[in-house]
Structures are given as C-alpha cells and as structure tokens.
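Reviewing the structure listed below.
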Amino acid sequence: LAAGALLLYRALRPAWSGSLAFATAAFTLGAESTRTIAGWPTQFVDVGLFVFSMLAWHAAARGRQTLALVALALALLCKELAVVTGVLLAFVPAPGRTRAERVRLGIGAAIVMAVWGAISLLVRNAAHLQLPRRIADSPEALAAGPLDRLAWAFGGSLKALASLPIVPHANDGFVLAAVALLMLGAIAMFVRSPEARARLHARRGDVVFGLAWFVLATATLAPIFPSWQPNRSQYGSAGAGVALVGVAGAAHPALAAALTVSRIVWLECAPAAATTVSSVPPDQGAFMDWPRLTRLQRFMRATRLKLTAAFPTLPPGAAVVQQNLPHGVEYAFGGDHALQVWYRDPAVHWMRFDVWRAHADTMATVIVQGSADHEPPVALVSPQAVRFLFAAQELSYAGRFAELLPLLDRADSLQRDPDALQYWVTSRAMRAFALVSTGHAAQADALLAPMIPLDPNDATARQVLALARAKLGRLDEAFAQLDTLRAIDAGNPATLALERQLNAQRDAGRTLSH
C-alpha cells in the first residue's frame with residue numbers, strides 16, 4: 001500500500017508541488033477501508049489492484065508505455081475492477097504527451113483488456129465460476145433497480161472516504177459539518193482570489209481525470225449490491241484524492257492540509273478493533289469491515305493457541321468437534337483448511353456438534369466450544385465427559401438421581417479446561433436438578449446461582465434455579481427467573497411447564513392464606 005501511494009506521488013510530482021502530491025498520495029492510506037485491506041490477507045486482490053494500477057498510472061505519466069501495459073495486465077489478473085485503469089490509461093495527465101502517443105496507449109490497453117477478457121471468460125466457463133448466489137439472488141438484490149444500486153455504491157464509497165460505516169452513525173453530523181466548512185472555505189477562496197481560480201483552471205485536467213476514476217471505480221461496485229465492504233472503496237479513493245486535493249490545494253494549500261488532517265481525525269473516530277469476541281458480529285451494514293475482521297482474527301488466534309497448546313499434534317485424519325461457536329466466526333476457518341494448515345495434515349477435519357451427538361460413539365479428539373463475550377472466547381471439552389453428560393441426562397429423565405450424581409462426578413473429573421463455561425453450567429444445572437429433586441433445594445441454589453452470570457442465556461440453568469427457589473418458598477425470585485426465561489425463549493416447553501407449576505404453587509399459597 002505504501003508502494004502504491006509512492007507511485008501515485010511520483011506520478012503527480014512533475015506537475016504538482018511536493019506537499020500537494022504527498023497529500024494526494026496519503027489520501028489513499030487514510031481511511032478505515034485501508035485498515036481492512038492491510039489486516040486481511042485475502043485482500044491481496046485489492047492490494048495488487050491498487051499497486052499495479054498505480055504503477056500503470058505512474059508509467060503512463062512518465063511516457064513508459066510498455067511498462068504501463070504490463071502493469072495493467074498484472075492489475076487485471078488481481079481483480080477485474082482494473083478495467084477502469086485500462087479505460088482511463090490513455091487519459092492519464094502527462095505534460096507534453098502527443099495525441100499519437102495517447103492513441104497508441106489506448107489501443108494497447110484495449111488489446112490487453114480484450115485478451116484478458118477472453119481468457120477470463122474461458123476460465124469462468126470451464127470452472128463454472130459465477131457471482132455468489134447469496135448476493136445475486138438475495139431479496140434485496142432482486143428488488144433493487146440500477147439507480148438504487150448506484151446510489152448504494154456512491155453513498156457507501158463517499159462515507160468510506162470519511163471512515164464512516166454505510167449505515168447511519170453518530171459521527172455523520174460531525175463529518176458533514178467538517179466537509180461543509182472545507183467546501184465553504186474553498187468557495188470563498190475561489191470567489192475572492194483570481195490566483196486561486198487560475199490554479200484551479202491549470203489543474204482542471206487532473207481534477208476531471210480524478211473524478212472520472214472515482215466515478216467509474218465506484219460504479220463497478222453496483223453489481224455486488226447489497227454486500228458492502230468498505231475496502232472496495234480504496235481503489236476509487238485514488239481518483240477521489242486527486243480531485244479533492246486538487247481543488248482544495250488550488251483554493252489554498254492550507255485547505256489541502258486541513259483535508260488531510262480531517263481524514264486522520266475521522267479515521268481515529270472510526271469504529272475500533274474488536275476487544276472481545278461478541279456472540280453476534282457488530283452490524284454496521286458491511287459483510288466485512290474492521291470490527292468484524294478483528295473479531296474473526298481474535299477468535300481464530302484464540303482457537304489456534306488453545307488447540308495447539310493442548311494438542312501439539314493430532315492423530316492422522318482426526319476429527320475436532322465444533323460447538324456453540326459465536327455467530328459468523330466459522331467463515332474464517334475456510335471449511336477444514338485452517339485446521340489442516342495448523343496441523344499440516346490434509347485429512348484432519350471439523351465435525352459439527354449436532355452431527356457428532358447423533359453418532360456420539362464416533363472418535364473425536366476434542367470439542368472446541370465457543371465462549372462468546374468471555375476471555376478466552378474458546379475452550380476445550382473432553383468428548384468422553386460430554387458422553388457422560390448425555391448418559392446423565394437420560395438418568396435425569398428417568399428420575400434415577402442416585403446413579404446420576406456419580407456419573408456427573410466422573411464427567412467433571414475428565415473435564416480439565418476451566419474456561420469451558422457452557423460445559424460447567426450444563427453439568428452444574430444437572431447436578432442442581434438432582435439436588436432439588438431429592439429435597440436439597442438450598443444446596444442446589446448455592447451451587448447454581450454463581451453459574452448464571454457465566455451463561456445468562458442458558459435456559460436449563462435458569463429453570464432449575466427458579467425451581468429451587470420455588471421449593472425454598474422464594475416465589476418472587478422464582479418468577480423473576482421466569483420473566484427472564486420468557487425473554488430468552490418464550491415457547492420453551494420446559495419453561496411453559498415451569499410457569500404452570502409456579503402459578504399452581506402461588507395459587508395454592510393464596511388459598512391457604514384465606
């Protein structure tokens with residue numbers, strides 16, 4: 001990214017002052033979209049698109065047509081958006097370039113794009129590649145017209161230039177006010193200063209070229225509606241920087257400096273990196289942005305460190321079970337690929353918990369259990385311990401509590417990771433239910449009460465706690481747990497049965513009091 005910015009700086013330098021060329025080059029690096037590109041290896045496609053496009057721009061500005069065409073080909077091999085580079089390559093501002101030179105460069109760019117396009121079509125048809133159906137066939141995409149898509153692309157890109165999410169944000173008014181002040185300052189300078197108007201007239205070719213680059217680059221985003229990613233605006237920001245800094249610098253160099261400083265401030269005010277792995281990803285209208293990306297990275301790192309510390313090696317072809325992963329993080333594993341890379345074994349694989357539970361005798365090395373909103377956000381669970389929990393559950397249904405408690409003791413003795421919150425809450429809830437059912441409600445309450453904050457949405461634990469407190473005559477506290485249970489899962493059959501039981505106990509108490 002720094003290399004791309006340097007190439008843009010050098011492309012502008014013959015005609016622009018060093019400070020304005022620097023401000024324009026820095027424009028491509030001063031937004032939240034750049035953080036996402038820098039932190040997401042998959043986005044080499046965008047990095048390559050930017051760097052090779054800037055190389056083509058630089059070569060065209062310096063009259064090196066062969067290098068410009070080679071760079072265009074490399075940019076196209078990174079991402080198809082480089083057609084914008086190809087279309088505009090012959091129009092790159094270059095003092096002293098003749099019409100014949102522009103025509104030759106334009107023809108060369110057309111040939112490169114035609115060859116690339118033909119090869120791309122052959123590859124796409126042979127490999128049956130197409131736009132993901134979740135995008136092309138989504139209800140939003142099918143309902144949106146061309147103007148809706150363009151408005152979405154330009155609105156998102158303009159907000160991304162100011163490090164704002166595509167959805168309404170608290171900083172929108174602050175940024176809008178700053179932009180208005182910069183615009184008013186520029187207009188005032190053009191109105192009162194003939195020198196400023198002369199500078200703008202001299203720079204009009206660069207400004208128009210920059211606007212064309214931004215408009216075309218942004219318009220190419222319309223087909224991917226509504227799957228927004230701010231990193232996709234970074235390529236077009238090169239043109240936006242040329243246009244905006246060109247106009248601001250023509251008005252007064254201080255305005256160009258103010259624009260640069262403003263964007264640094266906006267970047268600092270943008271949503272920060274995730275500090276915890278939340279149960280659901282932060283929603284700012286993007287399929288992937290900085291908070292979502294860093295949430296994935298935190299979970300991936302925690303999973304890898306936890307897993308490889310406990311299991312430096314895995315048996316060939318081992319199965320690792322996934323359970324209760326925070327919403328949306330499984331995407332980062334790339335199917336089985338991450339696990340296979342960590343262990344250098346193409347046969348190791350993930351298994352979903354529901355699949356393993358249906359065939360619990362299947363050999364599994366360990367269960368990776370998510371612990372959203374906690375640190376660490378992942379824990380390791382013994383498969384054999386969970387098998388004992390399954391057996392204990394059957395004993396609980398049968399009311400065989402004398403057999404259940406020793407089985408839970410065996411399960412807990414196998415579970416070594418104290419961070420396995422869901423396991424411990426489940427185990428304690430089963431134990432507490434056995435205690436309540438055998439006349440030890442006070443022990444059940446003492447055992448279970450500290451577990452509720454560890455997993456506030458565990459319905460079974462709250463049901464047992466409510467039952468224990470009802471047995472102890474603390475009906476108000478029992479009904480308080482019932483209120484929470486209704487919010488968690490109003491249609492849960494066990495919750496409905498508990499509600500009937502508590503209401504009957506309350507009605508019986510009223511009858512006795514009368």
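Simple scheme: letters A, B, ... for chains in structure tokens order, numbers from 1 for residues in each chain, numbers from 1 for ligands in the order shown.
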### Task
Skip Leu81 of chain A itself and residues of its chain fewer than 5 positions away, then list as a ChimeraX atom specification all residues within 12 Å of it, counting only C-alpha atoms.
/A:45-46,48-50,52-53,72-76,86-87,113,117,213-214,216-223,232-236
Return as a Markdown table the residues of segment 332-449 of chain A lying at most 7 Å from segment 258-281 of chain A, together with the closest atom-to-atom pair for each and the distance in Å to one decimal, counting only C-alpha atoms, with rows in chain order and ascending residue number.
```
| residue | atom | partner | partner_atom | distance |
| --- | --- | --- | --- | --- |
| A:Ala372 | CA | A:Ser279 | CA | 4.8 |
| A:Asp373 | CA | A:Ser278 | CA | 4.8 |
| A:Pro377 | CA | A:Val277 | CA | 6.2 |
```
Output the selection as a compact mmCIF listing (two decimals), in the first residue's frame - C-alpha atoms for each residue.
```txt
# COMPACT_ATOMS: atom_id res chain seq x y z
CA ALA A 372 -18.69 -15.60 23.38
CA ASP A 373 -18.23 -12.35 25.34
CA PRO A 377 -13.54 -16.87 23.76
```
### Task
Check the smallest atom-to-atom distance from each of A:Ala71, A:Ala15, A:Leu307, A:Ala446 to Val381 of chain A using only C-alpha atoms, then report the winner.
A:Leu307
For the interface of segment 415-513 of chain A with segment 282-306 of chain A (cut-off 12 Å, counting only C-alpha atoms), please tabulate each contacting residue of segment 415-513 of chain A alongside its nearest pair of atoms and their separation in Å to one decimal, rows sorted by chain and increasing number, as a tab-separated table.
```
residue	atom	partner	partner_atom	distance
A:Asp417	CA	A:Lys306	CA	10.0
A:Asp419	CA	A:Lys306	CA	10.6
A:Ala420	CA	A:Lys306	CA	11.7
```
Please, could you write that set of residues out with N, CA and C atoms as a compact mmCIF listing (two decimals), in the first residue's frame?
```txt
# COMPACT_ATOMS: atom_id res chain seq x y z
N ASP A 417 -10.40 -28.18 31.28
CA ASP A 417 -10.34 -26.77 30.92
C ASP A 417 -11.38 -25.98 31.73
N ASP A 419 -12.17 -22.98 31.41
CA ASP A 419 -12.82 -21.95 30.60
C ASP A 419 -14.03 -22.47 29.84
N ALA A 420 -14.34 -23.75 29.96
CA ALA A 420 -15.47 -24.34 29.25
C ALA A 420 -16.77 -23.98 29.96
```
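Of the residues in segment 354-428 of chain A, those that DSSP places in strand (DSSP E) on the basis of the backbone are Val366, Ile367, Val368, Gln369, Gly370, Val378, Ala379, Leu380 and Val381 of chain A.
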### Query
Got a sec: who's within 8 Å of Phe388 of chain A, counting only C-alpha atoms, leaving out chain neighbours fewer than 5 positions off, as JSON, numbers by chain?
{"A": [407, 408, 410, 411]}
### Query
Given the choices A:Leu475, A:Ala180, A:Arg469, A:Val123, which gets closest to Asp507 of chain A if the distance is worked out from only C-alpha atoms?
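Once distances to Asp507 of chain A are computed over only C-alpha atoms, the minimum belongs to A:Leu475.
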### Given only C-alpha atoms as the counted atoms, nearest of A:Asn231, A:Ser193, A:Gln323, A:Gln369 to Thr42 of chain A
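Checking each of A:Asn231, A:Ser193, A:Gln323, A:Gln369 against Thr42 of chain A, counting only C-alpha atoms, the winner is A:Asn231.
For the pair atom CA of Pro93 of chain A and atom CA of Pro14 of chain A, the separation is 10.4 Å.
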### Message
I need the residue nearest Thr313 of chain A from this list: A:Trp356, A:Thr365, A:Gly155, A:Glu477. Use only C-alpha atoms for the distance.
### Response
A:Thr365
### Selected residue of minimal separation from Gly18 of chain A among A:Val355, A:Gln481, A:Ala429, A:Gly249, counting only C-alpha atoms
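Residue with the minimum atom-to-atom distance to Gly18 of chain A: A:Gly249.
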For Ile107 of chain A, please output as a tab-separated table (two decimals) with C-alpha atoms, in the first residue's frame all residues within 12 Å (counting only C-alpha atoms; exclusion window: fewer than 2 positions along the same chain).
```tsv
chain	number	residue	atom	x	y	z
A	65	GLN	CA	4.00	2.72	-22.40
A	69	LEU	CA	0.60	-2.11	-20.28
A	86	GLY	CA	-7.37	0.27	-18.70
A	87	VAL	CA	-10.15	2.57	-19.89
A	88	LEU	CA	-8.52	5.66	-18.39
A	89	LEU	CA	-4.86	4.78	-19.03
A	90	ALA	CA	-4.59	6.83	-22.21
A	100	ALA	CA	-0.50	9.88	-31.28
A	101	GLU	CA	1.06	8.61	-28.06
A	102	ARG	CA	-2.32	8.61	-26.36
A	103	VAL	CA	-3.89	6.71	-29.24
A	104	ARG	CA	-1.15	4.07	-29.17
A	105	LEU	CA	-1.52	3.65	-25.41
A	109	ALA	CA	-4.77	-1.04	-23.29
A	110	ALA	CA	-7.73	-2.23	-25.37
A	111	ILE	CA	-5.73	-5.21	-26.67
A	112	VAL	CA	-4.59	-6.15	-23.15
A	113	MET	CA	-8.15	-5.97	-21.84
A	114	ALA	CA	-9.53	-7.94	-24.79
```
### Task
Mind the document's chain letters and residue numbers, and return as a PyMOL selection string the residues of segment 344-433 of chain A that DSSP labels helix (DSSP H, G or I).
chain A and resi 353-358+383-398+401-414+421-433
### Query
Any idea what the distance is between atom CA of Val51 of chain A and atom CA of Val175 of chain A?
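A separation of 28.6 Å between them.
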